[in-house]
>>> print(open('run.tsv').read())   # TSV, C-alpha atoms
chain	number	residue	atom	x	y	z
A	222	LYS	CA	-9.59	17.86	-5.83
A	223	ALA	CA	-5.86	17.89	-5.25
A	224	GLY	CA	-4.30	14.52	-4.55
A	225	VAL	CA	-2.06	13.51	-1.70
A	226	THR	CA	1.05	15.66	-1.72
A	227	GLN	CA	4.35	14.56	-0.27
A	228	THR	CA	7.44	16.68	0.21
A	229	PRO	CA	10.26	16.51	-0.45
A	230	ARG	CA	10.15	14.14	-3.39
A	231	TYR	CA	13.83	13.25	-3.21
A	232	LEU	CA	16.44	13.67	-0.54
A	233	ILE	CA	19.89	12.42	0.27
A	234	LYS	CA	21.14	12.15	3.82
A	235	THR	CA	24.12	10.62	5.55
A	236	ARG	CA	24.14	8.06	8.30
A	237	GLY	CA	23.35	9.47	11.70
A	238	GLN	CA	21.35	12.41	10.40
A	239	GLN	CA	17.64	12.79	10.84
A	240	VAL	CA	14.92	13.50	8.29
A	241	THR	CA	11.39	14.84	8.34
A	242	LEU	CA	8.92	14.02	5.60
A	243	SER	CA	5.63	15.79	5.07
A	244	CYS	CA	2.28	14.63	3.76
A	245	SER	CA	-0.78	16.70	2.90
A	246	PRO	CA	-3.84	14.49	2.54
A	247	ILE	CA	-6.79	15.00	0.24
A	248	SER	CA	-9.03	17.73	1.57
A	249	GLY	CA	-11.51	16.27	4.03
A	250	HIS	CA	-9.52	13.12	4.68
A	251	ARG	CA	-8.64	12.65	8.33
A	252	SER	CA	-6.75	9.38	8.15
A	253	VAL	CA	-3.12	9.35	7.09
A	254	SER	CA	-1.00	6.22	6.86
A	255	TRP	CA	2.71	5.91	6.19
A	256	TYR	CA	4.48	3.07	4.42
A	257	GLN	CA	8.03	2.16	3.58
A	258	GLN	CA	8.47	0.61	0.15
A	259	THR	CA	11.63	-1.23	-0.86
A	260	PRO	CA	12.27	-3.70	-3.71
A	261	GLY	CA	13.12	-6.47	-1.26
A	262	GLN	CA	10.44	-5.98	1.41
A	263	GLY	CA	7.56	-4.53	-0.57
A	264	LEU	CA	5.16	-2.33	1.40
A	265	GLN	CA	5.81	-2.14	5.10
A	266	PHE	CA	3.29	-0.32	7.31
A	267	LEU	CA	4.77	2.34	9.55
A	268	PHE	CA	1.83	4.02	11.28
A	269	GLU	CA	-1.62	5.45	10.86
A	270	TYR	CA	-3.02	8.66	12.25
A	271	PHE	CA	-6.63	9.68	12.52
A	272	SER	CA	-7.75	12.99	13.96
A	273	GLU	CA	-4.27	13.65	15.38
A	274	THR	CA	-4.13	10.31	17.19
A	275	GLN	CA	-1.91	7.39	16.28
A	276	ARG	CA	-4.23	4.44	15.71
A	277	ASN	CA	-1.76	1.83	14.62
A	278	LYS	CA	1.96	1.30	14.49
A	279	GLY	CA	3.96	-1.19	12.49
A	280	ASN	CA	7.06	-3.07	13.56
A	281	PHE	CA	9.61	-0.35	13.15
A	282	PRO	CA	12.12	0.88	15.75
A	283	GLY	CA	11.47	3.95	17.82
A	284	ARG	CA	13.69	5.99	15.48
A	285	PHE	CA	10.61	6.20	13.27
A	286	SER	CA	8.00	8.57	14.58
A	287	GLY	CA	5.15	10.62	13.25
A	288	ARG	CA	2.49	13.10	14.08
A	289	GLN	CA	-0.62	14.62	12.64
A	290	PHE	CA	-1.73	18.20	12.89
A	291	SER	CA	-5.20	19.62	13.34
A	292	ASN	CA	-5.46	20.27	9.59
A	293	SER	CA	-4.76	16.53	9.02
A	294	ARG	CA	-1.33	17.16	7.53
A	295	SER	CA	1.16	14.64	8.79
A	296	GLU	CA	4.89	14.39	9.24
A	297	MET	CA	7.13	11.46	9.84
A	298	ASN	CA	10.58	11.66	11.29
A	299	VAL	CA	13.44	9.24	11.16
A	300	SER	CA	16.30	9.90	13.53
A	301	THR	CA	19.82	8.49	13.47
A	302	LEU	CA	19.51	7.35	9.88
A	303	GLU	CA	20.93	4.01	8.83
A	304	LEU	CA	21.83	2.78	5.35
A	305	GLY	CA	18.89	0.38	5.50
A	306	ASP	CA	16.46	3.29	5.80
A	307	SER	CA	16.96	4.07	2.14
A	308	ALA	CA	13.52	3.58	0.62
A	309	LEU	CA	10.49	5.18	-0.91
A	310	TYR	CA	8.23	6.47	1.85
A	311	LEU	CA	4.60	6.56	0.87
A	312	CYS	CA	1.80	8.43	2.49
A	313	ALA	CA	-1.84	7.51	1.98
A	314	SER	CA	-4.98	9.27	3.05
A	315	SER	CA	-8.54	8.10	3.40
A	316	ALA	CA	-11.81	9.50	4.58
A	317	ARG	CA	-12.19	6.81	7.23
A	318	PRO	CA	-9.64	5.02	9.36
A	319	THR	CA	-8.67	1.50	8.30
A	320	GLY	CA	-10.74	-1.24	9.78
A	321	ILE	CA	-14.47	-1.55	9.77
A	322	GLY	CA	-15.67	-0.53	6.35
A	323	THR	CA	-12.20	0.48	5.21
A	324	GLY	CA	-12.37	3.05	2.49
A	325	GLU	CA	-10.05	3.48	-0.45
A	326	LEU	CA	-6.53	4.61	0.30
A	327	PHE	CA	-5.21	7.42	-1.88
A	328	PHE	CA	-1.45	7.39	-2.15
A	329	GLY	CA	1.04	10.13	-2.72
A	330	GLU	CA	3.96	9.86	-5.12
A	331	GLY	CA	6.31	9.24	-2.23
A	332	SER	CA	9.51	10.68	-0.85
A	333	ARG	CA	12.59	8.82	-2.00
A	334	LEU	CA	15.20	8.81	0.73
A	335	THR	CA	18.77	7.81	0.05
A	336	VAL	CA	21.08	7.35	3.01
A	337	LEU	CA	24.80	7.43	2.26
B	87	ALA	CA	-2.08	-14.47	12.89
B	88	GLN	CA	-3.59	-12.57	10.02
B	89	ARG	CA	-1.54	-12.80	6.89
B	90	VAL	CA	-1.72	-12.16	3.16
B	91	THR	CA	0.39	-14.31	0.87
B	92	GLN	CA	1.17	-13.58	-2.75
B	93	PRO	CA	3.21	-16.60	-3.72
B	94	GLU	CA	4.61	-15.19	-6.96
B	95	LYS	CA	7.08	-12.32	-6.79
B	96	LEU	CA	7.18	-12.20	-10.57
B	97	LEU	CA	4.69	-13.35	-13.17
B	98	SER	CA	5.39	-13.10	-16.87
B	99	VAL	CA	2.79	-13.89	-19.53
B	100	PHE	CA	2.32	-13.15	-23.20
B	101	LYS	CA	-0.09	-10.54	-24.46
B	102	GLY	CA	-3.50	-12.07	-25.04
B	103	ALA	CA	-2.94	-14.90	-22.58
B	104	PRO	CA	-5.01	-15.26	-19.40
B	105	VAL	CA	-3.58	-13.83	-16.20
B	106	GLU	CA	-4.11	-14.98	-12.64
B	107	LEU	CA	-2.37	-13.31	-9.73
B	108	LYS	CA	-2.73	-15.35	-6.59
B	109	CYS	CA	-3.62	-14.02	-3.18
B	110	ASN	CA	-4.23	-16.22	-0.16
B	111	TYR	CA	-5.12	-14.95	3.26
B	112	SER	CA	-5.49	-16.15	6.79
B	113	TYR	CA	-8.19	-14.46	8.79
B	114	SER	CA	-10.79	-15.86	11.10
B	115	GLY	CA	-13.58	-13.36	10.56
B	116	SER	CA	-15.31	-11.92	7.50
B	117	PRO	CA	-12.50	-10.37	5.49
B	118	GLU	CA	-12.47	-7.24	3.44
B	119	LEU	CA	-10.02	-7.64	0.57
B	120	PHE	CA	-8.49	-5.30	-1.96
B	121	TRP	CA	-6.20	-5.28	-4.95
B	122	TYR	CA	-3.95	-2.26	-5.41
B	123	VAL	CA	-1.85	-1.63	-8.50
B	124	GLN	CA	1.22	0.48	-9.14
B	125	TYR	CA	2.06	1.19	-12.78
B	126	SER	CA	5.53	2.36	-13.66
B	127	ARG	CA	6.12	5.92	-12.42
B	128	GLN	CA	2.56	6.19	-11.12
B	129	ARG	CA	1.01	6.22	-7.70
B	130	LEU	CA	-0.20	3.13	-5.98
B	131	GLN	CA	-3.94	3.02	-6.54
B	132	LEU	CA	-6.93	0.88	-5.76
B	133	LEU	CA	-7.81	-1.54	-8.53
B	134	LEU	CA	-10.77	-3.27	-6.97
B	135	ARG	CA	-12.27	-4.47	-3.71
B	136	HIS	CA	-14.26	-7.62	-3.16
B	137	ILE	CA	-17.38	-5.92	-1.83
B	138	SER	CA	-17.81	-3.98	-5.06
B	139	ARG	CA	-17.89	-7.09	-7.24
B	140	GLU	CA	-16.78	-4.91	-10.13
B	141	SER	CA	-14.67	-5.58	-13.18
B	142	ILE	CA	-12.01	-2.92	-13.52
B	143	LYS	CA	-9.83	-2.76	-16.64
B	144	GLY	CA	-11.03	-6.28	-17.40
B	145	PHE	CA	-9.83	-7.62	-14.04
B	146	THR	CA	-12.06	-9.51	-11.65
B	147	ALA	CA	-11.42	-11.07	-8.27
B	148	ASP	CA	-13.68	-13.45	-6.44
B	149	LEU	CA	-13.48	-14.03	-2.73
B	150	ASN	CA	-13.34	-17.76	-2.03
B	151	LYS	CA	-13.83	-18.18	1.69
B	152	GLY	CA	-13.42	-21.95	1.51
B	153	GLU	CA	-9.98	-21.68	-0.05
B	154	THR	CA	-9.27	-18.33	1.67
B	155	SER	CA	-8.24	-16.84	-1.64
B	156	PHE	CA	-8.84	-13.66	-3.57
B	157	HIS	CA	-7.11	-14.27	-6.88
B	158	LEU	CA	-7.04	-11.53	-9.51
B	159	LYS	CA	-7.91	-12.65	-13.02
B	160	LYS	CA	-8.04	-11.28	-16.52
B	161	PRO	CA	-8.91	-13.41	-19.53
B	162	PHE	CA	-6.71	-11.58	-22.06
B	163	ALA	CA	-3.64	-9.72	-20.83
B	164	GLN	CA	-2.63	-6.43	-22.38
B	165	GLU	CA	0.79	-4.80	-22.34
B	166	GLU	CA	-0.53	-1.91	-20.25
B	167	ASP	CA	-1.33	-4.37	-17.47
B	168	SER	CA	2.37	-4.61	-16.67
B	169	ALA	CA	2.65	-3.32	-13.11
B	170	MET	CA	3.16	-4.22	-9.49
B	171	TYR	CA	0.06	-5.69	-7.85
B	172	TYR	CA	-0.59	-5.83	-4.12
B	173	CYS	CA	-3.31	-7.76	-2.33
B	174	ALA	CA	-4.46	-6.30	1.00
B	175	LEU	CA	-6.72	-7.46	3.80
B	176	SER	CA	-8.56	-5.21	6.18
B	177	GLY	CA	-7.92	-6.88	9.50
B	178	GLY	CA	-10.27	-6.99	12.42
B	179	MET	CA	-9.86	-6.24	16.07
B	180	ASP	CA	-7.06	-8.81	16.42
B	181	SER	CA	-4.80	-6.67	14.27
B	182	ASN	CA	-6.17	-3.40	15.61
B	183	TYR	CA	-7.88	-2.91	12.27
B	184	GLN	CA	-4.65	-2.62	10.30
B	185	LEU	CA	-4.46	-3.17	6.59
B	186	ILE	CA	-2.40	-6.31	6.05
B	187	TRP	CA	-0.46	-6.28	2.78
B	188	GLY	CA	0.95	-9.03	0.63
B	189	ALA	CA	4.51	-8.80	-0.65
B	190	GLY	CA	3.33	-7.91	-4.14
B	191	THR	CA	3.56	-9.55	-7.56
B	192	LYS	CA	5.32	-7.92	-10.46
B	193	LEU	CA	3.37	-8.66	-13.61
B	194	ILE	CA	5.16	-8.44	-16.94
B	195	ILE	CA	3.20	-8.76	-20.15
B	196	LYS	CA	5.38	-9.80	-23.04
B	197	PRO	CA	4.47	-8.59	-26.55
>>> encode(input="run.tsv", output="structure tokens")
Amino acid sequence: KAGVTQTPRYLIKTRGQQVTLSCSPISGHRSVSWYQQTPGQGLQFLFEYFSETQRNKGNFPGRFSGRQFSNSRSEMNVSTLELGDSALYLCASSARPTGIGTGELFFGEGSRLTVL
Amino acid sequence: AQRVTQPEKLLSVFKGAPVELKCNYSYSGSPELFWYVQYSRQRLQLLLRHISRESIKGFTADLNKGETSFHLKKPFAQEEDSAMYYCALSGGMDSNYQLIWGAGTKLIIKP
């Protein structure tokens, strides 16, 4: 079974630009979560999608958005990039949504975003 | 509010010494707790969860509801245990069933 795939793996943007990151979950997994990982803040939850619906959202500004398609693939978008958005963005998939009887999260390798 | 606290950002021990990574939580219901690990240049992955009561790679973690702790322990550290470790709590309805993550502990095993 293929693991969680994230594209692109690395990207460099300048302030004010926007970026779209993609995540393909493990086949059969309908829950996709997104995290921002930085050395100073650790793992910060962005949002979770399950069956194309956003279930949860973390404390990030509205510049951060996401969506999930009918094939469970997910994208996240960051508009009007700021220097502080430089981070590793991780996607995780699971068979069940987080919560009651939370299953194991399977993480991708991440997309490393650098904002200049 | 539901919270997971990992008090040590960095823990350094010698090879062969016992290791204990601390995790304390605040949660009013019956918690579901996990340890995730991220080795250098590898994906973040599940190490163990409290409901499994397993020992993975020599690590164990016991849920102590009285002390609201879920510390990760290993009697004899090995160099390959060097990694970033995250404790996570599966929250209930109050947190809309989010996974609550600790800040992580970087474990360094010295030769």
>>> residues_around(input="run.tsv", residues="range 271-287 of chain A", least_positions_apart="2", cutoff="12 Å", atoms="only C-alpha atoms", output="ChimeraX atom specification")
/A:237-244,246,249-257,264-269,289-303,306,310,312-320 /B:177,179,181-187
>>> atom_distance(input="run.tsv", atom1="CA of Ser116 in chain B", atom2="CA of Leu133 in chain B")
20.5 Å
>>> closest_atom_pairs(input="run.tsv", of="chain B", to="chain A", cutoff="12 Å", atoms="all atoms listed in the file", output="tab-separated table")
residue	atom	partner	partner_atom	distance
B:Gln92	CA	A:Gly263	CA	11.3
B:Lys95	CA	A:Gly263	CA	10.0
B:Gly115	CA	A:Ile321	CA	11.9
B:Ser116	CA	A:Ile321	CA	10.6
B:Pro117	CA	A:Ile321	CA	10.0
B:Glu118	CA	A:Thr323	CA	7.9
B:Leu119	CA	A:Thr323	CA	9.6
B:Phe120	CA	A:Glu325	CA	9.0
B:Trp121	CA	A:Glu325	CA	10.6
B:Tyr122	CA	A:Leu326	CA	9.3
B:Val123	CA	A:Phe328	CA	11.0
B:Gln124	CA	A:Phe328	CA	10.2
B:Tyr125	CA	A:Glu330	CA	11.7
B:Ser126	CA	A:Glu330	CA	11.5
B:Arg127	CA	A:Glu330	CA	8.6
B:Gln128	CA	A:Glu330	CA	7.2
B:Arg129	CA	A:Glu330	CA	5.3
B:Leu130	CA	A:Phe328	CA	5.9
B:Gln131	CA	A:Phe327	CA	6.5
B:Leu132	CA	A:Glu325	CA	6.7
B:Leu133	CA	A:Glu325	CA	9.8
B:Leu134	CA	A:Glu325	CA	9.4
B:Arg135	CA	A:Glu325	CA	8.9
B:His136	CA	A:Thr323	CA	11.8
B:Ile137	CA	A:Gly322	CA	9.9
B:Ser138	CA	A:Gly324	CA	11.7
B:Met170	CA	A:Gly263	CA	10.0
B:Tyr171	CA	A:Gly263	CA	10.5
B:Tyr172	CA	A:Leu264	CA	8.7
B:Cys173	CA	A:Leu264	CA	10.7
B:Ala174	CA	A:Leu264	CA	10.4
B:Leu175	CA	A:Gly320	CA	9.5
B:Ser176	CA	A:Gly320	CA	5.8
B:Gly177	CA	A:Gly320	CA	6.3
B:Gly178	CA	A:Gly320	CA	6.3
B:Met179	CA	A:Gly320	CA	8.1
B:Asp180	CA	A:Gly320	CA	10.7
B:Ser181	CA	A:Asn277	CA	9.0
B:Asn182	CA	A:Asn277	CA	6.9
B:Tyr183	CA	A:Gly320	CA	4.1
B:Gln184	CA	A:Thr319	CA	6.1
B:Leu185	CA	A:Thr319	CA	6.5
B:Ile186	CA	A:Phe266	CA	8.4
B:Trp187	CA	A:Leu264	CA	7.0
B:Gly188	CA	A:Leu264	CA	8.0
B:Ala189	CA	A:Gly263	CA	5.2
B:Gly190	CA	A:Gly263	CA	6.5
B:Thr191	CA	A:Gly263	CA	9.5
B:Lys192	CA	A:Pro260	CA	10.6
>>> residues_around(input="run.tsv", residues="range 147-161 of chain B", least_positions_apart="2", cutoff="6 Å", atoms="all atoms listed in the file", output="PyMOL selection string")
chain B and resi 104-111+144-145
>>> atom_distance(input="run.tsv", atom1="CA of Ser141 in chain B", atom2="CA of Gly102 in chain B")
17.5 Å
>>> closest_residue(input="run.tsv", among="B:Gln88, B:Ser112, B:Thr146, B:Ser98", to="Leu193 in chain B", atoms="all atoms listed in the file")
B:Ser98
>>> atom_distance(input="run.tsv", atom1="CA of Gln164 in chain B", atom2="CA of Pro93 in chain B")
22.0 Å
>>> axis_aligned_box(input="run.tsv", around="range 100-104 of chain B", padding_each_side="3 Å", output="AutoDock Vina command-line options")
--center_x -1.3 --center_y -12.9 --center_z -22.2 --size_x 13.3 --size_y 10.7 --size_z 11.6
